[in-house]
Amino acid sequence: MNLTEQFLIDDFGIDERVLKIVAEAEDEVRSEFEKLDDIMAYNQYKVLSAFQKNRIRDMHFGWKTGYGYDDAGREAIEQTFADVFHTDAALVRTTFVNGTHALATTLLGVLRPGDELIYATGEPYDTLQTVIGITNYEKGNGSLRDYGVTFKQVDLLPDGSIDIEGVKAAITDKTRMITAQRATGYSWRKAISMDEIEKLMKAIEEVNPDIVKMVDNSYGEFLDTKEPTDVGADVMASSLIKNPGGGLALSGAYIAGRQDLIDQIQYRMTCPGIGGECGLTYGQTRTMFQGFFLGPRAANGALKGAVLCGKVYEKLGFEVSPKAGDIRSDIVQSVKFKDPAKLIAFCEGIQAAAPVDSFVAPVPGDMPGYEDKVIMAAGAFVQGSTIELSADAPMREPYIAYFQGGLTYEHSKFGVIKSVDALLKKGLIEL
C-alpha cells in the first residue's frame with residue numbers, strides 16, 4: 001500500500017477493497033490514458049499558438065464600462081477562439097447564461113418563419129426541447145414553434161450511429177438547418193465521434209450545400225485533435241463552464257462559425273444594428289483567457305476520470321456507456337443502476353468528494369426545462385460548472401447516472417472512489 005492509499009484510508013475512511021478495485025481498473029486503462037495524453041498535448045500547443053498569434057497581453061485583461069465599445073479583451077478572446085476552432089469569427093460572452101442560451105441564440109438567429117430544423121442525432125437535449133417547442137410549449141413563449149419553424153428528428157441507428165441515409169431522406173426544400181448533438185445528453189448512447197460528424201457534414205453538403213450545418217459541441221472540446229468546424233460544421237456552440245473554460249470562467253458561452261452566420265446570430269444576441277459591437281465583459285476576460293489556456297488539461301483530466309469510472313463500474317457488474325476502449329467524444333460517463341437507491345447513493349458519493357459543499361446531501365428536485373425530477377451532485381467553485389466533478393440524473397427508469405468533470409484527474413478519480421465507497425457502505429454492492 002502506498003502513502004496516498006494509506007492517507008485515503010486514514011483521513012477519508014475509504015474501504016481498502018474499494019481502493020483495490022479502482023487500482024486494478026486504472027492499470028487496465030493505462031494504454032488508453034497514453035493516447036488521451038497525446039491528444040491533450042496537441043491541443044495545448046494549438047491553444048498556445050493562437051494566444052501568441054493574437055499577441056495576448058495584460059491590456060486584454062482590463063475592465064471596460066457602459067456599453068463595452070472598443071473592448072480590446074473581448075475582441076481578442078473572440079479572435080483567439082475563432083483561431084483555435086478555425087472559424088471566421090466567434091462570440092464569447094459572459095451574458096450567455098448557459099450553453100442552452102448560446103444554442104438557442106444560434107437557432108433563433110439563423111432560422112426564419114417557414115424554415116425547417118432537422119436534428120440528426122435523435123431527440124434533442126431536454127432543455128432544447130423547450131427552445132424548439134417540443135415540450136413545455138406555451139403559446140407566446142418565444143420558442144421556434146412560436147415563430148413558425150418546423151422540426152423533425154432522425155433517430156440514431158440501433159448501434160448508436162447517425163442514420164445518414166435517413167437524414168438525407170428527411171431533407172426537404174424547406175430544410176434550413178441540420179443539427180447534431182455531440183454529447184449523449186440524458187440518453188443511453190455513445191457520444192458522436194468526429195468521424196461520424198464529418199460523414200454527416202459531407203452527406204448534407206452533397207444534398208444541398210445551402211443547408212446550415214450546426215453542432216452542439218457541449219462537453220466535446222479538446223477531446224480530439226479536430227473540432228466539428230474542422231470537419232465541415234458551419235457553426236457550433238457550447239458553454240464556457242464546461243471544457244473551454246478550464247474551470248476558471250465564471251459564466252458564459254461561445255458560438256463559433258462562418259462570418260455570415262455569426263453576423264445573423266449577433267443581431268439576435270443583442271439587436272439589429274448593434275450586434276457584437278457592444279457587450280460588457282465585466283472584467284472576466286482574464287479568467288476566460290486563463291481558463292481557455294488550461295482547457296485542454298482540464299478536459300483531459302475529466303476524460304480520464306470518465307474512462308476510469310466506466311471501467312470500475314463495468315468490473316462491478318453494471319452496464320456502462322461508453323465502455324473502456326470505445327472512442328470517446330464527450331467527457332460524460334453513463335452508468336445504468338436500474339435502482340433509484342443505488343443512483344442516489346452514487347450521487348451522494350460524488351457530492352461527498354467535492355471541495356465545496358461536500359457536507360450537502362443531493363436530493364431529487366424540479367429543475368427549469370426538465371420534465372422529470374433531477375438529482376445533481378455538484379460541489380463546485382463555479383456554480384453549475386460541469387468541467388468540475390459532478391454527476392446528475394433524471395429520476396426515471398432505468399435510473400442512469402451521468403458522471404463528468406474533475407479539474408484534475410486525481411479529483412475525478414477520487415469521485416469514483418467515494419461513489420463506490422458510498423454504495424458499499426450502504427450495502428448496495430458487494431466487493
# chains A, B, ... in the order shown; residues from 1 in each chain; ligands from 1
$ select_by_dssp --residues "region 9-176 of chain A" --states "alpha helix (DSSP H)" --output "PyMOL selection string"
chain A and resi 9-12+16-28+30-53+72-84+99-110+126-132+164-170
$ residues_around --residues "region 258-262 of chain A" --least-positions-apart "6" --cutoff "8 Å" --atoms "only C-alpha atoms" --output "PDB file with N, CA and C atoms, in the first residue's frame"
ATOM      1  N   THR A  87     -12.381  29.056 -37.428  1.00  0.00           N
ATOM      2  CA  THR A  87     -13.600  29.658 -37.973  1.00  0.00           C
ATOM      3  C   THR A  87     -13.344  31.112 -38.334  1.00  0.00           C
ATOM      4  N   ASP A  88     -14.300  31.689 -39.060  1.00  0.00           N
ATOM      5  CA  ASP A  88     -14.171  33.098 -39.437  1.00  0.00           C
ATOM      6  C   ASP A  88     -14.287  34.014 -38.225  1.00  0.00           C
ATOM      7  N   ALA A  89     -15.200  33.671 -37.333  1.00  0.00           N
ATOM      8  CA  ALA A  89     -15.491  34.560 -36.215  1.00  0.00           C
ATOM      9  C   ALA A  89     -16.055  33.767 -35.044  1.00  0.00           C
ATOM     10  N   ALA A  90     -16.157  34.436 -33.905  1.00  0.00           N
ATOM     11  CA  ALA A  90     -16.736  33.807 -32.710  1.00  0.00           C
ATOM     12  C   ALA A  90     -17.363  34.876 -31.831  1.00  0.00           C
ATOM     13  N   LEU A  91     -18.330  34.458 -31.053  1.00  0.00           N
ATOM     14  CA  LEU A  91     -18.920  35.278 -29.999  1.00  0.00           C
ATOM     15  C   LEU A  91     -18.618  34.571 -28.681  1.00  0.00           C
ATOM     16  N   VAL A 110     -30.576  32.245 -36.866  1.00  0.00           N
ATOM     17  CA  VAL A 110     -30.454  31.780 -38.256  1.00  0.00           C
ATOM     18  C   VAL A 110     -31.813  31.416 -38.861  1.00  0.00           C
ATOM     19  N   ASP A 234     -20.721  24.396 -40.043  1.00  0.00           N
ATOM     20  CA  ASP A 234     -20.732  25.833 -40.330  1.00  0.00           C
ATOM     21  C   ASP A 234     -20.728  26.663 -39.063  1.00  0.00           C
ATOM     22  N   VAL A 235     -21.282  26.117 -37.994  1.00  0.00           N
ATOM     23  CA  VAL A 235     -21.354  26.851 -36.730  1.00  0.00           C
ATOM     24  C   VAL A 235     -21.497  25.854 -35.584  1.00  0.00           C
TER      25      VAL A 235
END
$ closest_residue --among "A:Glu371, A:Glu78, A:Glu32, A:Asp330" --to "Phe51 (chain A)" --atoms "only C-alpha atoms"
A:Glu78
$ residues_around --residues "Ala170 (chain A)" --least-positions-apart "6" --cutoff "12 Å" --atoms "only C-alpha atoms" --output "list in words"
Glu116, Leu117, Ile118, Tyr119, Ala120, Phe151, Lys152, Gln153, Val154, Asp155, Asp163, Ile164, Met177, Ile178, Ile204 and Val207 of chain A
$ residues_around --residues "Leu111 (chain A)" --least-positions-apart "4" --cutoff "7 Å" --atoms "only C-alpha atoms" --output "ChimeraX atom specification"
/A:107,115,176
$ residues_around --residues "Ser218 (chain A)" --least-positions-apart "5" --cutoff "9 Å" --atoms "only C-alpha atoms" --output "list of chain:residue names"
A:Gly99, A:Gln181, A:Arg182, A:Ala183, A:Ala237, A:Ser238, A:Ser239, A:Lys242, A:Asn243, A:Asp330
$ write_last_selection --atoms "C-alpha atoms" --output "short mmCIF file (atom, residue, chain, number, x, y, z; two decimals), in the first residue's frame"
data_model
loop_
_atom_site.label_atom_id
_atom_site.label_comp_id
_atom_site.auth_asym_id
_atom_site.auth_seq_id
_atom_site.Cartn_x
_atom_site.Cartn_y
_atom_site.Cartn_z
CA GLY A 99 -24.91 26.63 -23.16
CA GLN A 181 -25.71 16.91 -30.69
CA ARG A 182 -22.26 15.60 -29.99
CA ALA A 183 -22.74 14.66 -26.32
CA ALA A 237 -21.77 26.44 -29.69
CA SER A 238 -21.20 25.40 -26.09
CA SER A 239 -20.84 26.66 -22.52
CA LYS A 242 -17.67 23.14 -19.49
CA ASN A 243 -14.42 22.18 -21.28
CA ASP A 330 -17.51 13.84 -24.70
#
